[in-house]
Structures are given as C-alpha cells and as structure tokens.
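Student: Next up is a structure, given as structure tokens.
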There are 2 protein chains.
Amino acid sequence: MSAFEDLMSYARDTTALGEIAGRLGWDQETVMPRGAAAQRGAEMAAIESVLHARRSAPEVGDWLEKAEAPDEVGAAQLREIRRAFDRANKVPARLAKELAQVTSEAQGKWAAARADEDVSAFLPVLERVVELKREEGAALAAGGTLYDAMLDDYEPGITGAEIATLFDAMRPRLVDLRAAVLDKPAPKGLTGMYDEKVQMRLARKLARTFGYDMNRGRVDKAVHPFSSGSGMDVRITTRTNPSDPFNCIYSTIHEVGHAAYEQSIDDAYALTPIGHGASMGVHESQSRIYENQLGRSRAFTGWLFEEMRDVYGNIGINSADEFFGAVNRVHNGYIRTESDEVQYNLHIMLRFDLERALMSGDLQVADLEAAWNDRFKADFGYAVDRPSNGCLQDVHWSVGLFGYFPTYSLGNVYAGCLHHALREAVPLLDDQLSAGDTLGATSWLRENVQRHGGLYEPRKVIEKATGAPVSEAPLLDYLEAKFGALYGL
Amino acid sequence: MSAFEDLMSYARDTTALGEIAGRLGWDQETVMPRGAAAQRGAEMAAIESVLHARRSAPEVGDWLEKAEAPDEVGAAQLREIRRAFDRANKVPARLAKELAQVTSEAQGKWAAARADEDVSAFLPVLERVVELKREEGAALAAGGTLYDAMLDDYEPGITGAEIATLFDAMRPRLVDLRAAVLDKPAPKGLTGMYDEKVQMRLARKLARTFGYDMNRGRVDKAVHPFSSGSGMDVRITTRTNPSDPFNCIYSTIHEVGHAAYEQSIDDAYALTPIGHGASMGVHESQSRIYENQLGRSRAFTGWLFEEMRDVYGNIGINSADEFFGAVNRVHNGYIRTESDEVQYNLHIMLRFDLERALMSGDLQVADLEAAWNDRFKADFGYAVDRPSNGCLQDVHWSVGLFGYFPTYSLGNVYAGCLHHALREAVPLLDDQLSAGDTLGATSWLRENVQRHGGLYEPRKVIEKATGAPVSEAPLLDYLEAKFGALYGL
C-alpha cells in the first residue's frame with residue numbers, strides 16, 4: 001500500500017473512534033443513568049486520550065511527509081489530517097490534560113454560580129480557564145494572533161480582523177432595524193397550553209417534512225437540543241415547553257438542518273476526515289436556513305398554521321398572517337438563545353468583542369461583568385437585571401470555547417447568501433413551502449452545500465454554492481424586507 | 001511510578017475502552033437506527049482493534065515482567081492482565097481478523113438458514129468457523145487440549161474432562177426426575193392476554209424488588225434480554241409477549257441477577273481488570289439463583305401472585321399454590337431458552353458433547369444435524385420436527401462461542417451450592433420472600449459473592465461463599481425436593 005493508503009486506513013479508524021466518542025456524548029445527554037456520571041468521565045478521558053495519541057502519532061507525520069494525494073478529494077483528506085496532526089502536536093500533553101480537568105471543573109462551577117446568581121463564585125476558575133486557553137492559543141498561533149488560532153478550531157481560514165470588519169458592516173443596519181421594529185406595536189403572541197406528547201409527534205412530522213431520514217437517525221428529548229453523529233447515524237434531540245410550542249418546533253427544525261447536512265454528505269466520504277460538515281459556521285448556515293429563511297417564512301408558516309390547528313384545534317389565532325406575526329415577534333430580552341432574527345447577531349457581537357479582549361489581555365476576567373453590563377446597556381438600551389441574564393447565561397466560556405460564538409453569526413451570514421441564491425434557483429419556492437413541501441429547497445442545499453462535507457474550506461463552500469463572495473448584504477436585505485413588511489416600516 | 005502502577009494506569013484506560021465497546025453493543029440492540037448497522041460495524045472493528053493492540057502491547061509484557069503485586073488484589077489484577085496479554089499474543093492478528101469477519105458473516109447466514117429451515121445453507125460457513133476456531137484453539141492450547149483452551153475464555157481453570165465428570169453425575173438423577181414428572185398430570189398454565197405496558201411497569205418494580213439500582217442502570221425492551229456494563233452503568237433489557245407475562249417477569253429477574261452482580265462489585269475495583277464478574281458460570285449462578293431458587297420459589301411466587309392480581313385483576317388462577325404450579329410447569333419442548341428447571345441442563349449436555357466432538361474432530365460439521373437429532377430423540381424421547389427447533393436454534397456456534405454452553409449448567413450447579421448455603425445463613429428466607437422482601441438473600445449474595453468481582457478464580461468464589469467444594473448434589477437435591485412436592489412424587 002502507498003503512504004496515502006496507509007494513512008487513510010489509519011485515519012478511517014481514528015474517525016470511527018471519534019464517532020464513538022460522539023455517541024457517548026449523545027448517550028450522556030439522553031439515556032445515561034444519572035449515577036453513571038463519574039464513570040463516564042473516566043471513559044471519555046480514555047477515548048479522548050486514544051484519539052489524541054492517534055492524531056499526533058509519529059507515523060502520521062511520516063505518512064504525511066510521503067503521502068501524495070491522488071486527486072482533489074485526497075488533497076482535502078490530507079489537509080484535514082495535517083490540521084489535526086499539527087494541532088495535536090503543538091499543544092503539550094500536560095496542557096491538554098490540565099485544560100480538560102479545569103474546564104470540567106469550571107462547567108460545574110458555572111452552573112452553580114448561575115443558579116446562585118453569584119459571579120464571584122465563577123470568576124476564579126474562569127480566570128484559570130482564560131489563562132490556560134491563552135497558553136494554548138499561544139502554542140497554536142506560533143507567533144501569529146492568538147485569537148485567530150482559536151477561531152481555526154471552529155472556522156478554519158477566517159481571522160478575527162475579518163470578522164470584526166464583517167460585524168462593523170452589519171451593526172448599523174441591525175441597530176436601525178431593531179429600533180424601527182421595537183417602535184411599532186408587537187404582533188399578538190401565542191397563549192394557552194400545548195400537550196407535550198403532541199408537540200413531540202409534531203416535531204417528528206416536521207423532521208420528516210424537512211427531509212430528515214429517520215432510518216439513519218432518531219429524535220429524543222433532552223435538556224438542550226443538539227445534533228450528534230455523521231453519516232448513517234445522526235441523532236437529534238429537542239425539548240418541549242407546554243406554554244411555548246414554538247420552542248419545540250423551531251429547535252427541531254434547527255437541529256434537522258444540522259442533521260440533514262451530516263446525513264447528506266457523499267457516502268464515499270463516510271468515516272473519513274472530510275466526512276462531516278466543513279465548519280461550525282457552515283453547519284450553522286444549514287440549521288439557520290432551515291429554521292429561519294424556510295421555517296419562519298410566510299409561506300411555510302401558512303402550512304404550519306394549518307398543521308397546528310389540525311392537532312391542537314383553536315389556538316387563539318385566526319389567520320395565517322397573524323400566525324406569521326406570532327412566529328416572528330421581536331421582543332426585548334436578555335437571553336441569546338431566546339432572541340429573534342433581528343437581534344440575535346447583536347448578542348453575538350457583544351460576546352465576540354469581549355472574548356477577543358479577554359484573549360488579547362485588553363480585558364481582565366475581574367472586569368468581565370462590568371464590561372458585559374455596560375455593553376449590553378449601550379446596545380440594547382436597558383440594564384441587565386441579574387447575572388444569569390448577563391455574563392453567566394452561556395456555558396461556552398466555562399468549557400473553553402473561545403472563538404466559537406462568532407460562528408453563529410457567520411452561519412446567519414452564510415444562510416443569507418445561500419437563501420439569495422436558492423430563491424434564484426427555485427423560483428417557485430414559496431408555492432412549495434406553502435404546501436409544506438421543502439424538497440425544492442433541501443435538494444438544492446444538499447446538491448450545492450451538504451454533499452461536499454469537509455471537501456472545501458468554509459467560505460469556498462458558500463462561494464461555490466452561490467457564485468458570489470460571502471457578504472453580509474443578502475442577510476440584511478432579507479431581514480429588512482421581512483420585518484419591514486411585517487411591522488409596516 | 002512503579003511498573004505495577006504504570007501497568008494499572010494503562011489497564012484502567014483499557015478497561016474503560018472495553019466498557020465503551022460494551023455500551024455500543026447496548027446501543028445497537030436498543031436505540032440504534034436500523035440504517036446505521038454498516039457504520040456501526042466499522043466503529044466496532046475500530047475499537048476492537050484498539051483493544052486488541054492495547055491488551056497485547058509489548059510495554060504490557062515489559063511491565064508484567066517487572067511488576068510486583070502489593071497485595072492479593074494486585075496479584076489478581078496481574079493475573080487478569082496476563083491472561084488477556086497471553087491470549088492476545090497467542091492468536092495471530094491475521095487469524096483474529098479472519099475470525100471476526102467469518103463469524104460476522106456466519107451470524108447472518110445462520111439467521112437466514114433458521115428462518116428458511118435450511119441447514120445446508122448454514123453448514124459451509126459453520127465449517128469455516130469450526131476450522132478457524134480449531135486453529136485458534138490450537139494456538140491458545142499450545143500443545144494442551146484445544147477445548148480446554150476455549151473454556152478458559154469463559155470459565156478459567158476448568159477442563160472439559162471435569163465438566164464431563166460433573167455432567168455424568170447429574171444426568172441419571174435428572175433423567176429420572178424428568179420421567180417421573182412428565183408421567184404426572186401437568187399443573188394448570190396461564191391463559192389470557194396481558195397488557196405489555198403493564199408488563200414493563202411490573203418488570204421495573206420487580207427489578208427494584210431484587211435490589212437493582214435504577215440510578216446506575218435502566219430497563220429497556222429488546223429482542224433478546226441481556227445485561228450490559230459494569231460498575232456505575234449496568235443496563236438490562238427484557239421483552240414482552242402479550243400471552244406470556246412470565247417471559248417478561250423471569251427474563252427481568254434473570255438479568256437483574258447479572259446486573260446486581262456487576263453493580264455490587266467493590267467500588268475500589270471499578271474500571272480495573274477485576275471490576276467485573278469472575279466468569280460466565282459465576283455470572284449465571286447469580287442470574288439463576290435470582291430467577292429460580294428465589295424468583296420461582298413457593299414463597300416468592302405467593303407474593304408475586306398478589307402483585308399479578310393487583311395489576312391485572314382476575315388471571316384465571318385461584319390460589320397461590322395453583323400459581324406456583326403455573327410458574328413451574330414442566331413441559332415437553334425443543335427450545336433450550338424456553339425450558340424449565342428440570343430439563344434445562346439436559347439441553348446443555350447435548351450441546352456440550354456435540355461441540356466437544358466438533359472441536360476434537362470426532363464429529364464432522366456435515367454430520368451435525370443427524371447427530372443432534374439422534375441425541376435429542378434419545379434424551380427427550382421424541383424427534384426434532386424442524387431445524388429451527390433443532391441444531392439451528394441457538395446463535396452461539398455461528399459466532400464462534402464454543403465452550404460457552406457448559407457455563408449455563410455450571411451456573412445452575414453453582415446456584416445450587418449457593419442456595420444451600422444461603423438457606424443455612426438466612427433461616428427466615430421464606431418468610432422474607434413471601435413478603436416480597438429479597439434483602440436477606442441479595443445481601444448475603446452481595447457480601448459473599450458479588451462484591452469480590454474477579455478477585456478469585458470462579459470455583460474459589462463459590463467455595464469461599466459456601467465453605468464446601470463445588471458439587472452437583474445441592475442442585476439435584478433442591479430440584480428433586482421442589483418438583484417432588486409439586487408433582488406429588
């Protein structure tokens with residue numbers, strides 16, 4: 001066998017072991033007995049240590065030196081293997097282990113601090129996380145910009161400066177749109193209670209409606225909705241809230257976007273380094289376009305309104321237009337995950353600026369709460385009332401996910417670009433969606449984005465699909481048009 | 001760190017990875033999407049190959065040479081590590097891989113052949129399995145007896161000759177008891193239909209009744225009942241049949257016996273080579289004593305009768321004595337897994353003799369069906385009517401489990417010994433059981449058998465618990481007394 005074939009055979013097993021680790025994560029959040037947590041920690045540590053050893057193994061380095069890619073796909077495989085090899089070798093084992101331990105401890109402290117509304121109980125361990133992440137970032141950056149090295153874990157090829165430029169271009173139009181919308185009376189919301197078993201039945205129907213293949217996946221309830229796995233075994237979770245059926249509906253459609261991406265990747269890439277989504281941002285583009293540009297469109301909500309009335313009877317809303325308003329209500333609030341399409345990216349920009357400053361050393365952990373609260377007041381116009389609504393609301397920093405937040409907004413921007421191109425490619429899209437038919441949209445996305453998996457670098461995926469450079473303009477045009485019409489601006 | 005400590009740290013991770021492989025097995029039988037089978041095969045192969053490499057790693061050999069056990073527990077750990085190391089190094093990688101492939105294929109062919117009642121479709125691949133297993137056995141035996149080397153995988157320290165002697169001592173009394181019982185009119189059986197959801201509720205109640213810790217386990221439905229995992233995460237499955245609620249009840253109690261064993265092992269052994277049951281035979285002793293000597297006793301069935309009437313109302317049986325008879329009906333039949341306490345071991349003896357002859361070369365695969373049918377007629381007095389009721393009924397041989405069958409009967413013999421000692425230690429056992437209180441029995445078993453895990457060799461576990469050598473006599477005395485009384489012999 002050639003060095004390339006040897007390397008690919010080894011990488012296939014590594015990828016399979018990575019899938020197993022992912023499945024343990026699913027198990028932990030859905031079916032694991034409560035008392036198994038400590039043992040599971042030891043099991044996860046054991047498999048992570050095997051994965052780290054395999055990714056950084058000296059023979060991988062030897063193969064990488066000798067391997068010649070037979071084609072474009074092979075070159076992409078080598079690119080991904082090299083990325084993982086370099087990363088695993090740059091971070092000292094001692095640091096990797098300490099980070100795993102400290103972030104595990106920090107997550108627990110964060111959860112307790114959030115429950116107690118006590119920032120001071122969290123800051124000491126966060127300080128330690130920041131210190132270790134900066135050390136890791138310095139090792140990864142090798143002289144370059146530390147935050148850019150972190151971004152590379154989630155969105156390869158983009159820099160903090162590029163994201164800052166993008167966000168600067170987005171902010172004024174978003175701020176204006178938000179102000180104009182909040183100046184108008186809000187549409188009527190949903191009231192009443194909605195049986196949770198019926199919500200789950202509807203969730204499964206919606207998953208199928210958006211092309212999720214139940215034969216290669218399953219839908220369960222969990223505290224946090226997520227999608228997990230690649231290829232032939234891609235599982236999603238959702239949640240139910242008796243007074244808010246939209247939570248279940250749109251969490252499901254969002255996760256189906258992630259899962260459909262993984263399920264649609266070319267079978268030839270199964271259990272290889274490119275057999276998963278291209279980046280967090282491209283992944284989020286799929287979940288967002290399913291959830292928002294498709295799932296919250298006037299056309300699709302017209303169909304959904306009838307479905308809701310079929311299963312629940314009278315829901316206190318009398319027309320499809322009124323229902324469209326209820327789905328897309330813009331409202332003040334503190335929490336990123338409960339935000340609407342208009343304000344969501346403002347929540348991200350706040351986090352991006354703060355975490356970049358934490359990593360550069362311009363912001364100290366001790367000053368984080370004040371910085372958050374000042375910035376929130378400036379951006380949203382009202383004060384944070386308690387830490388769980390402020391700097392303690394997200395788990396990300398406790399587990400060391402610095403550089404992750406901006407991929408949510410990149411996903412929105414990519415979704416805007418894709419939606420623009422999709423509308424041109426499928427002129428009858430609204431007719432289809434209003435009949436509950438997503439096939440035109442999902443097959444275009446499958447053909448132009450999803451099937452490629454990790455073949456291309458993130459922005460290249462979007463640019464190949466749309467035929468145009470990535471830009472914030474289509475997203476902002478879409479938001480202004482949609483909410484302008486809805487709010488009569 | 002000392003060589004012993006290095007080795008133990010390495011072995012802990014290997015054990016944790018073994019737990020993960022076990023959890024994938026659970027996932028596959030309970031929640032895995034159907035379409036994920038092929039991918040799961042690749043994942044299992046990847047983790048099995050990691051496990052094999054770790055068990056046979058040269059550094060393990062170096063550590064084993066240098067390691068000094070600090071105490072009895074440490075010596076047992078070294079014994080188990082050495083056993084796995086020797087085994088993994090004796091079997092050539094080429095043979096191990098071929099066995100994995102051929103048995104995987106054979107299992108599929110067996111299932112199809114059984115469905116089609118077509119022995120000839122199964123024999124060619126079985127021939128290949130037998131050939132490879134004999135090759136493996138020769139490598140493991142290193143000049144010794146091939147079948148004994150196979151037994152060592154399931155019941156370390158016992159030989160085929162010892163089992164033959166044991167079975168020869170059991171057979172006459174079992175044959176006589178069977179003849180006497182079948183000569184009498186059978187007690188009335190159960191009729192009617194029993195809601196499957198109610199069966200599952202009762203199963204969970206019974207699991208708790210027998211001390212299964214739901215905080216470190218869970219009960220699900222699966223095609224085949226099994227127990228899976230060790231320590232803090234031990235899951236069981238059961239099944240339901242609307243016309244036969246005893247199937248669910250006794251499958252559950254049986255699996256709870258296995259699971260309680262794993263849950264009760266000393267926490268200090270968690271995720272170490274001795275942190276699981278001592279052997280298949282000792283494991284089966286726990287499942288059998290829970291199921292039969294406790295669960296099918298007159299005392300316990302008296303309590304169960306009231307439980308059944310509570311949840312189902314009138315079940316067409318009017319007294320606890322009549323119910324005891326229904327639970328313990330002895331009946332003609334072909335299928336091992338549906339057999340009663342009186343006849344079960346005769347089914348095992350048939351398989352033991354045939355598989356030993358296959359391994360020694362005294363029996364050819366081509367003659368297996370005829371040999372099975374002749375022996376069945378001789379032992380049971382009536383002819384096998386079709387292959388699925390004969391030599392195609394069990395999966396074991398297709399997957400290469402030669403040497404496994406006799407551990408079922410060893411489990412029964414061990415259970416007999418333990419039951420005898422338990423009755424002496426807990427004189428009020430029947431009073432407790434008739435109130436649905438199993439604590440006297442389960443705590444005695446936990447203290448004397450279960451907590452030790454793999455600390456002692458199998459027979460030593462039983463001998464330490466009972467203070468007497470292992471013997472078939474207590475089991476046979478128990479069976480003759482119980483069925484003698486029930487059938488008025």
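Every chain in the structure tokens takes a letter, A first, then B, and so on in the order presented; its residues are numbered from 1, and the ligands are numbered from 1 following the presented order.
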Stretch 12-25 of chain A: which residues within 6 Å, counting only C-alpha atoms, same-chain residues fewer than 5 positions away excluded, as a list in words?

Tutor: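 Counting only C-alpha atoms, the residues come to Leu271 and Thr272 of chain A; Glu43 and Ala46 of chain B.
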
Student: Using only C-alpha atoms, which residues sit within 7 Å of A:Phe226 once same-chain residues fewer than 4 positions away are excluded, as number ranges by chain?

Tutor: A: 236-237, 255

Student: Could the residues in this selection be written to a file with N, CA, C and O atoms, as a PDB file, in the first residue's frame?

Tutor:
```pdb
ATOM      1  N   ILE A 236     -30.871  13.530  16.643  1.00  0.00           N
ATOM      2  CA  ILE A 236     -31.151  14.872  17.164  1.00  0.00           C
ATOM      3  C   ILE A 236     -31.964  14.787  18.447  1.00  0.00           C
ATOM      4  O   ILE A 236     -32.638  13.795  18.724  1.00  0.00           O
ATOM      5  N   THR A 237     -31.872  15.853  19.226  1.00  0.00           N
ATOM      6  CA  THR A 237     -32.730  15.996  20.395  1.00  0.00           C
ATOM      7  C   THR A 237     -33.481  17.316  20.282  1.00  0.00           C
ATOM      8  O   THR A 237     -33.060  18.229  19.577  1.00  0.00           O
ATOM      9  N   GLU A 255     -32.198  21.744  14.461  1.00  0.00           N
ATOM     10  CA  GLU A 255     -31.330  20.564  14.565  1.00  0.00           C
ATOM     11  C   GLU A 255     -31.425  19.689  13.322  1.00  0.00           C
ATOM     12  O   GLU A 255     -30.444  19.054  12.931  1.00  0.00           O
TER      13      GLU A 255
END
```

Student: If we count only C-alpha atoms, what is near A:Leu354 at a cut-off of 12 Å, once residues fewer than 2 positions away on the same chain are taken out, given as a ChimeraX atom specification?

Tutor: /A:147,347-352,356-365,367-376,391,397,402-403,405-406

Student: Which residues are near stretch 197-208 of chain B? Cut-off 8 Å, only C-alpha atoms, ignore same chain within fewer than 6 positions. Put them as a PyMOL selection string.

Tutor: chain B and resi 214+219+240+245+248-249+252-253+256+311

Student: Store the residues of this selection in a file with all heavy atoms, as a tab-separated table (two decimals), in the first residue's frame.

Tutor:
```
chain	number	residue	atom	x	y	z
B	214	MET	N	-31.63	1.57	40.04
B	214	MET	CA	-32.04	2.28	38.83
B	214	MET	C	-31.22	3.55	38.59
B	214	MET	O	-31.18	4.07	37.48
B	214	MET	CB	-33.52	2.68	38.92
B	214	MET	CG	-34.46	1.52	38.83
B	214	MET	SD	-34.66	0.97	37.10
B	214	MET	CE	-35.99	-0.23	37.33
B	219	VAL	N	-33.86	0.00	32.39
B	219	VAL	CA	-34.52	-1.19	31.85
B	219	VAL	C	-35.18	-0.82	30.53
B	219	VAL	O	-36.00	0.10	30.49
B	219	VAL	CB	-35.60	-1.71	32.83
B	219	VAL	CG1	-36.25	-2.97	32.27
B	219	VAL	CG2	-35.01	-1.97	34.21
B	240	THR	N	-41.45	-8.46	26.07
B	240	THR	CA	-42.83	-8.73	26.48
B	240	THR	C	-43.52	-9.57	25.41
B	240	THR	O	-43.21	-9.46	24.23
B	240	THR	CB	-43.63	-7.43	26.67
B	240	THR	OG1	-43.57	-6.68	25.46
B	240	THR	CG2	-43.08	-6.60	27.81
B	245	PRO	N	-46.91	-13.45	30.24
B	245	PRO	CA	-46.27	-12.45	31.11
B	245	PRO	C	-45.09	-13.03	31.90
B	245	PRO	O	-44.23	-12.27	32.34
B	245	PRO	CB	-47.40	-12.01	32.03
B	245	PRO	CG	-48.35	-13.15	32.05
B	245	PRO	CD	-48.27	-13.77	30.69
B	248	CYS	N	-41.58	-12.08	30.44
B	248	CYS	CA	-41.06	-10.77	30.85
B	248	CYS	C	-40.59	-10.80	32.30
B	248	CYS	O	-39.50	-10.33	32.64
B	248	CYS	CB	-42.13	-9.71	30.64
B	248	CYS	SG	-41.62	-8.06	31.15
B	249	ILE	N	-41.41	-11.39	33.17
B	249	ILE	CA	-41.09	-11.40	34.61
B	249	ILE	C	-39.77	-12.12	34.87
B	249	ILE	O	-38.87	-11.59	35.52
B	249	ILE	CB	-42.23	-12.09	35.39
B	249	ILE	CG1	-43.46	-11.18	35.43
B	249	ILE	CG2	-41.78	-12.47	36.81
B	249	ILE	CD1	-44.72	-11.84	35.98
B	252	THR	N	-36.62	-10.62	33.26
B	252	THR	CA	-36.18	-9.43	34.02
B	252	THR	C	-35.42	-9.86	35.27
B	252	THR	O	-34.32	-9.36	35.54
B	252	THR	CB	-37.40	-8.58	34.42
B	252	THR	OG1	-38.11	-8.21	33.23
B	252	THR	CG2	-36.96	-7.33	35.17
B	253	ILE	N	-36.00	-10.79	36.03
B	253	ILE	CA	-35.33	-11.20	37.28
B	253	ILE	C	-33.97	-11.83	36.96
B	253	ILE	O	-32.98	-11.60	37.65
B	253	ILE	CB	-36.23	-12.17	38.09
B	253	ILE	CG1	-37.55	-11.46	38.47
B	253	ILE	CG2	-35.51	-12.64	39.35
B	253	ILE	CD1	-38.55	-12.37	39.18
B	256	VAL	N	-31.58	-9.09	36.12
B	256	VAL	CA	-31.27	-8.36	37.35
B	256	VAL	C	-30.21	-9.10	38.15
B	256	VAL	O	-29.34	-8.48	38.77
B	256	VAL	CB	-32.54	-8.11	38.18
B	256	VAL	CG1	-32.20	-7.73	39.62
B	256	VAL	CG2	-33.37	-7.00	37.54
B	311	VAL	N	-52.38	-5.89	39.56
B	311	VAL	CA	-52.27	-5.13	38.32
B	311	VAL	C	-53.17	-5.64	37.21
B	311	VAL	O	-53.60	-4.87	36.35
B	311	VAL	CB	-50.81	-5.03	37.80
B	311	VAL	CG1	-49.95	-4.25	38.78
B	311	VAL	CG2	-50.19	-6.40	37.54
```

Student: For A:Glu98, please output as a PyMOL selection string all residues within 10 Å (counting only C-alpha atoms; exclusion window: fewer than 5 positions along the same chain).

Tutor: chain A and resi 93+103-104+129+132

Student: For each of A:Met170, A:Ala270, A:Ala164, A:Ala3, take the minimum atom-to-atom distance to chain B, counting only C-alpha atoms, then give the residue where this is smallest.

Tutor: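 Once distances to chain B are computed over only C-alpha atoms, the minimum belongs to A:Ala270.
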
Student: Could you please determine the separation between atom CA of A:Thr438 and atom CA of A:Tyr154 in Å, to one decimal place?

Tutor: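 Interatomic distance, atom CA of A:Thr438 to atom CA of A:Tyr154: 28.8 Å.
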
Student: Excluding A:Ser279 and any residue of its chain fewer than 4 positions from it, enumerate the residues within 8 Å of it, using only C-alpha atoms, and give them as JSON, numbers by chain.

Tutor: {"A": [154, 155, 156, 283, 454, 458]}
